[in-house]
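One structure is given below, encoded as structure tokens.
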Amino acid sequence: MLNKLYHDLLAFYPMKPWWPGDSALETAVGTILTQNTSWKGVLKSIENLKNAGKLDLDALHETPDEQLAELIRPSGYANLKTRRLKNLLRFIKTRYGTVDAMRTAPKDRLREELLSVNGVGRETADSILLYGLEKPSFVVDAYTRRVLARHGILPEKTPYDEIQATFERTIPRDAAIYAHYHAMFVELCKAFCLKNHPKCEECPLGKQRKKI
DNA sequence: TGCCAGGCCGGGT
DNA sequence: ACCCGGCATGGC
């Protein structure tokens with residue numbers, strides 16, 4: 001079922017790199033900033049950080065909270081996300097020293113460690129693992145749920161871990177495929193499946209069965 | 001102009 | 001094991 005879905009989507013979205021970000025650190029920062037927020041504001045925040053020379057583990061870690069909050073204000077929840085960002089950076093520095101040092105850690109252990117950081121939930125952890133470190137951890141987000149629910153593949157409120165397990169059990173254990181699959185969900189939603197989307201009827205997967 | 005966006009946490013039931 | 005309110009800003 002999920003393999004067929006992948007191949008159906010593949011016809012519309014050929015393989016291409018997707019998560020915007022030039023480094024694992026930038027990706028990690030982006031995963032925090034994009035929590036419950038559209039990517040638009042995140043771009044602006046990342047831009048601010050770059051211009052301020054702050055896209056660096058030590059520089060970010062040493063930036064005062066008030067200043068960091070000001071830089072990331074466009075992506076919303078600035079105070080909250082400043083704390084979460086600092087929590088993540090502190091974890092990386094104290095546990096691994098550098099972002100790259102995390103690459104050699106076993107995926108399952110690293111995921112547990114990331115989840116223990118306050119402000120890093122399952123989607124954030126999996127996004128860091130998959131898009132930052134190219135480890136095969138399937139990302140489940142609002143888009144994933146929307147597509148699956150709309151097309152009657154999985155019930156809307158299926159728990160995160162269950163959805164992830166279903167994918168990881170079914171499709172090849174390959175980071176590039178996981179990333180591409182998730183990217184296609186996002187692209188599909190942006191093109192056809194956002195709430196009250198006018199082109200909903202033109203969805204390549206066919207008419208939705210449920211309004212989500 | 002109100003509604004919504006690529007979550008997560010803490011507290012309550 | 002769920003359910004809910006809070007957290008902020010900008011685009012459409």
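The way I read the labels, and the way they are meant: chains A, B, ... in the order of the structure tokens, residue 1 as the first residue of every chain, and ligand 1 as the first ligand shown, with later ones counted on from there.
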Neighbouring residues of A:Thr63 were defined as those with any atom within 12 Å, considering only C-alpha atoms (C1' of nucleotides); residues of the same chain fewer than 3 positions away were excluded. Please report them as a VMD selection string. chain A and resid 49 52 to 60 66 to 71 82 to 83 85 to 86 89
Print the selection's residues with C-alpha atoms to a file, as a CSV table (one decimal), in the first residue's frame.
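Result saved to again09.csv:
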```csv
chain,number,residue,atom,x,y,z
A,49,LEU,CA,21.1,34.5,12.0
A,52,ALA,CA,24.6,38.2,12.2
A,53,GLY,CA,27.2,35.5,11.9
A,54,LYS,CA,25.3,33.3,14.3
A,55,LEU,CA,24.9,30.1,12.3
A,56,ASP,CA,27.6,28.5,14.3
A,57,LEU,CA,27.3,26.2,17.3
A,58,ASP,CA,29.4,28.2,19.7
A,59,ALA,CA,28.3,31.6,18.5
A,60,LEU,CA,24.6,30.6,18.9
A,66,GLU,CA,17.2,38.5,24.4
A,67,GLN,CA,19.4,39.0,21.3
A,68,LEU,CA,18.7,35.5,19.9
A,69,ALA,CA,15.0,36.0,20.4
A,70,GLU,CA,15.2,39.3,18.4
A,71,LEU,CA,16.8,37.5,15.5
A,82,THR,CA,15.1,30.6,22.1
A,83,ARG,CA,14.9,28.3,25.1
A,85,LEU,CA,17.2,26.2,20.7
A,86,LYS,CA,19.6,26.7,23.6
A,89,LEU,CA,22.7,23.4,21.4
```
Near chain A, 12 Å: chain C residue rows, closest pairs, only C-alpha atoms (C1' of nucleotides), as CSV:
```
residue,atom,partner,partner_atom,distance
C:DA1,C1',A:Pro159,CA,11.4
C:DC2,C1',A:Pro159,CA,10.8
C:DG6,C1',A:Tyr77,CA,10.6
C:DC7,C1',A:Tyr77,CA,5.8
C:DA8,C1',A:Gly76,CA,4.5
C:DT9,C1',A:Gly76,CA,4.6
C:DG10,C1',A:Gly41,CA,7.0
C:DG11,C1',A:Lys40,CA,8.4
```
Quick check: residues of chain A within 7 Å of chain B, only C-alpha atoms (C1' of nucleotides), returned as a PyMOL selection string. chain A and resi 34-38+119+121+141-142
At a cut-off of 8 Å, using only C-alpha atoms (C1' of nucleotides), what residues contact A:Thr124? Leave out same-chain residues fewer than 2 positions from it and give the result as an NGL selection string. :A and (31-32 or 35 or 120-122 or 126-128)
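For A:Phe167, the residues within 12 Å (counting only C-alpha atoms (C1' of nucleotides), excluding itself and residues fewer than 5 positions away along the chain) are Met1, Leu2, Asn3, Leu5, Tyr6, Pro136, Ser137, Phe138, Val139, Val140, Thr144, Leu148, Ile153, Leu154, Tyr160, Asp161, Glu162, Pro172, Arg173, Asp174, Ile177, Tyr178, Tyr181 and His182 of chain A.
Close contacts of A:Leu129, defined as residues with an atom at most 10 Å away when counting only C-alpha atoms (C1' of nucleotides), with chain neighbours fewer than 2 positions off set aside, comprise Ala24, Thr27, Ala28, Met102, Arg103, Lys107, Asp108, Leu110, Arg111, Leu114, Glu123, Thr124, Ala125, Asp126, Ser127, Tyr131, Gly132, Leu133, Glu134, Lys135, Pro136, Ser137, Phe138, Val139 and Ala175 of chain A.
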Could you save the residues just selected, with N, CA and C atoms, as an mmCIF file, in the first residue's frame?
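Saved result, out-v9.cif, follows:
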```
data_model
loop_
_atom_site.group_PDB
_atom_site.id
_atom_site.type_symbol
_atom_site.label_atom_id
_atom_site.label_comp_id
_atom_site.auth_asym_id
_atom_site.auth_seq_id
_atom_site.Cartn_x
_atom_site.Cartn_y
_atom_site.Cartn_z
ATOM 1 N N ALA A 24 24.142 20.731 8.636
ATOM 2 C CA ALA A 24 23.347 20.002 9.625
ATOM 3 C C ALA A 24 22.892 20.939 10.734
ATOM 4 N N THR A 27 19.985 22.961 9.542
ATOM 5 C CA THR A 27 18.798 22.109 9.541
ATOM 6 C C THR A 27 18.244 21.939 10.947
ATOM 7 N N ALA A 28 19.128 21.696 11.895
ATOM 8 C CA ALA A 28 18.693 21.509 13.280
ATOM 9 C C ALA A 28 18.007 22.763 13.807
ATOM 10 N N MET A 102 27.876 13.787 16.014
ATOM 11 C CA MET A 102 26.651 12.997 16.198
ATOM 12 C C MET A 102 26.465 11.959 15.104
ATOM 13 N N ARG A 103 27.183 12.149 13.994
ATOM 14 C CA ARG A 103 26.983 11.256 12.848
ATOM 15 C C ARG A 103 27.367 9.824 13.140
ATOM 16 N N LYS A 107 21.611 5.425 15.540
ATOM 17 C CA LYS A 107 20.387 6.206 15.370
ATOM 18 C C LYS A 107 19.408 6.104 16.532
ATOM 19 N N ASP A 108 19.141 4.893 16.974
ATOM 20 C CA ASP A 108 18.123 4.720 18.017
ATOM 21 C C ASP A 108 18.526 5.389 19.323
ATOM 22 N N LEU A 110 20.653 7.927 19.633
ATOM 23 C CA LEU A 110 20.647 9.375 19.418
ATOM 24 C C LEU A 110 19.225 9.924 19.454
ATOM 25 N N ARG A 111 18.286 9.167 18.904
ATOM 26 C CA ARG A 111 16.883 9.620 18.912
ATOM 27 C C ARG A 111 16.377 9.736 20.340
ATOM 28 N N LEU A 114 17.908 12.824 21.887
ATOM 29 C CA LEU A 114 17.288 14.051 21.381
ATOM 30 C C LEU A 114 15.924 14.266 22.028
ATOM 31 N N GLU A 123 8.836 14.697 15.960
ATOM 32 C CA GLU A 123 9.054 15.205 14.603
ATOM 33 C C GLU A 123 10.363 15.964 14.490
ATOM 34 N N THR A 124 10.662 16.760 15.501
ATOM 35 C CA THR A 124 11.900 17.530 15.491
ATOM 36 C C THR A 124 13.106 16.594 15.516
ATOM 37 N N ALA A 125 13.072 15.605 16.382
ATOM 38 C CA ALA A 125 14.179 14.648 16.477
ATOM 39 C C ALA A 125 14.365 13.915 15.148
ATOM 40 N N ASP A 126 13.273 13.441 14.583
ATOM 41 C CA ASP A 126 13.369 12.689 13.332
ATOM 42 C C ASP A 126 13.852 13.571 12.178
ATOM 43 N N SER A 127 13.456 14.837 12.181
ATOM 44 C CA SER A 127 13.902 15.750 11.128
ATOM 45 C C SER A 127 15.395 16.011 11.227
ATOM 46 N N TYR A 131 17.161 14.747 7.999
ATOM 47 C CA TYR A 131 17.607 15.808 7.096
ATOM 48 C C TYR A 131 18.950 16.404 7.487
ATOM 49 N N GLY A 132 19.273 16.353 8.776
ATOM 50 C CA GLY A 132 20.556 16.897 9.198
ATOM 51 C C GLY A 132 21.667 15.863 9.107
ATOM 52 N N LEU A 133 21.351 14.621 9.504
ATOM 53 C CA LEU A 133 22.395 13.606 9.639
ATOM 54 C C LEU A 133 22.248 12.441 8.665
ATOM 55 N N GLU A 134 21.252 12.498 7.811
ATOM 56 C CA GLU A 134 21.008 11.454 6.800
ATOM 57 C C GLU A 134 20.874 10.062 7.414
ATOM 58 N N LYS A 135 20.232 10.009 8.577
ATOM 59 C CA LYS A 135 19.943 8.703 9.179
ATOM 60 C C LYS A 135 18.489 8.346 8.890
ATOM 61 N N PRO A 136 18.212 7.060 8.613
ATOM 62 C CA PRO A 136 16.857 6.668 8.186
ATOM 63 C C PRO A 136 15.840 6.682 9.330
ATOM 64 N N SER A 137 15.276 7.843 9.602
ATOM 65 C CA SER A 137 14.234 7.976 10.611
ATOM 66 C C SER A 137 13.066 8.675 9.933
ATOM 67 N N PHE A 138 11.962 7.960 9.768
ATOM 68 C CA PHE A 138 10.856 8.514 8.982
ATOM 69 C C PHE A 138 10.157 9.648 9.719
ATOM 70 N N VAL A 139 9.973 10.772 9.030
ATOM 71 C CA VAL A 139 9.369 11.955 9.636
ATOM 72 C C VAL A 139 7.860 11.967 9.401
ATOM 73 N N ALA A 175 17.677 6.463 3.915
ATOM 74 C CA ALA A 175 17.437 7.863 4.284
ATOM 75 C C ALA A 175 16.953 8.690 3.091
#
```
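The protein and nucleic acid residues lying at most 10 Å from A:Arg90 are Leu57, Asp58, His61, Arg84, Tyr96, Gly97 and Val117 of chain A, with only C-alpha atoms (C1' of nucleotides) considered and sequence neighbours fewer than 6 positions away removed.
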Please produce a file of those selected residues containing N, CA and C atoms, as a compact mmCIF listing (two decimals), in the first residue's frame.
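The resulting file, out_18.txt, is shown below:
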```txt
# COMPACT_ATOMS: atom_id res chain seq x y z
N LEU A 57 27.67 26.79 16.05
CA LEU A 57 27.29 26.18 17.33
C LEU A 57 27.70 27.05 18.52
N ASP A 58 28.97 27.45 18.55
CA ASP A 58 29.44 28.24 19.70
C ASP A 58 28.84 29.63 19.71
N HIS A 61 25.28 29.46 20.84
CA HIS A 61 25.20 29.08 22.25
C HIS A 61 25.53 30.25 23.16
N ARG A 84 14.27 26.57 23.61
CA ARG A 84 14.39 25.24 23.00
C ARG A 84 15.67 25.11 22.20
N TYR A 96 28.18 15.77 22.60
CA TYR A 96 28.95 15.38 21.42
C TYR A 96 30.05 16.37 21.03
N GLY A 97 29.94 17.59 21.47
CA GLY A 97 30.97 18.57 21.14
C GLY A 97 30.68 19.31 19.85
N VAL A 117 15.70 16.07 25.30
CA VAL A 117 15.91 17.52 25.33
C VAL A 117 14.56 18.22 25.36
```
Between atom CA of A:Ile171 and atom CA of A:Lys4, what is the spacing in Å? 10.1 Å
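You will find atom CA of A:Ala179 at 26.1 Å from atom CA of A:Arg95.
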Excluding same-chain residues fewer than 4 positions from A:Met184, what lies within 9 Å of it counting only C-alpha atoms (C1' of nucleotides), as number ranges by chain? A: 6, 9-10, 12-14, 179-180, 188-189
Export of the given selection (N, CA and C atoms) as an mmCIF file, in the first residue's frame:
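The result, written out as selection-v1.cif:
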```
data_model
loop_
_atom_site.group_PDB
_atom_site.id
_atom_site.type_symbol
_atom_site.label_atom_id
_atom_site.label_comp_id
_atom_site.auth_asym_id
_atom_site.auth_seq_id
_atom_site.Cartn_x
_atom_site.Cartn_y
_atom_site.Cartn_z
ATOM 1 N N TYR A 6 3.991 5.489 -2.780
ATOM 2 C CA TYR A 6 5.275 6.105 -3.120
ATOM 3 C C TYR A 6 5.457 6.197 -4.625
ATOM 4 N N LEU A 9 3.153 8.770 -6.210
ATOM 5 C CA LEU A 9 3.650 10.128 -5.993
ATOM 6 C C LEU A 9 4.879 10.415 -6.845
ATOM 7 N N LEU A 10 5.702 9.387 -7.012
ATOM 8 C CA LEU A 10 6.958 9.535 -7.741
ATOM 9 C C LEU A 10 6.736 10.057 -9.153
ATOM 10 N N PHE A 12 4.822 12.256 -10.025
ATOM 11 C CA PHE A 12 4.616 13.701 -10.025
ATOM 12 C C PHE A 12 5.779 14.478 -9.434
ATOM 13 N N TYR A 13 6.544 13.812 -8.595
ATOM 14 C CA TYR A 13 7.641 14.507 -7.911
ATOM 15 C C TYR A 13 8.939 13.715 -7.999
ATOM 16 N N PRO A 14 9.679 13.918 -9.074
ATOM 17 C CA PRO A 14 10.935 13.208 -9.249
ATOM 18 C C PRO A 14 11.903 13.522 -8.099
ATOM 19 N N ALA A 179 13.420 10.641 3.003
ATOM 20 C CA ALA A 179 13.408 12.093 2.806
ATOM 21 C C ALA A 179 12.547 12.462 1.611
ATOM 22 N N HIS A 180 12.727 11.701 0.540
ATOM 23 C CA HIS A 180 11.972 11.992 -0.672
ATOM 24 C C HIS A 180 10.482 11.753 -0.469
ATOM 25 N N LEU A 188 2.852 17.726 -2.269
ATOM 26 C CA LEU A 188 1.481 17.370 -2.644
ATOM 27 C C LEU A 188 0.477 18.243 -1.899
ATOM 28 N N CYS A 189 0.697 18.405 -0.603
ATOM 29 C CA CYS A 189 -0.216 19.220 0.188
ATOM 30 C C CYS A 189 -0.203 20.668 -0.266
#
```
Taking only stretch 65-170 of chain A into account, list the residues labelled alpha helix (DSSP H) by DSSP (computed from the backbone), as number ranges by chain. A: 65-71, 78-91, 107-115, 122-127, 142-150, 160-170
Please indicate the distance in Å from atom CA of A:Cys203 to atom CA of A:Ala191, rounded to one decimal place. 8.1 Å
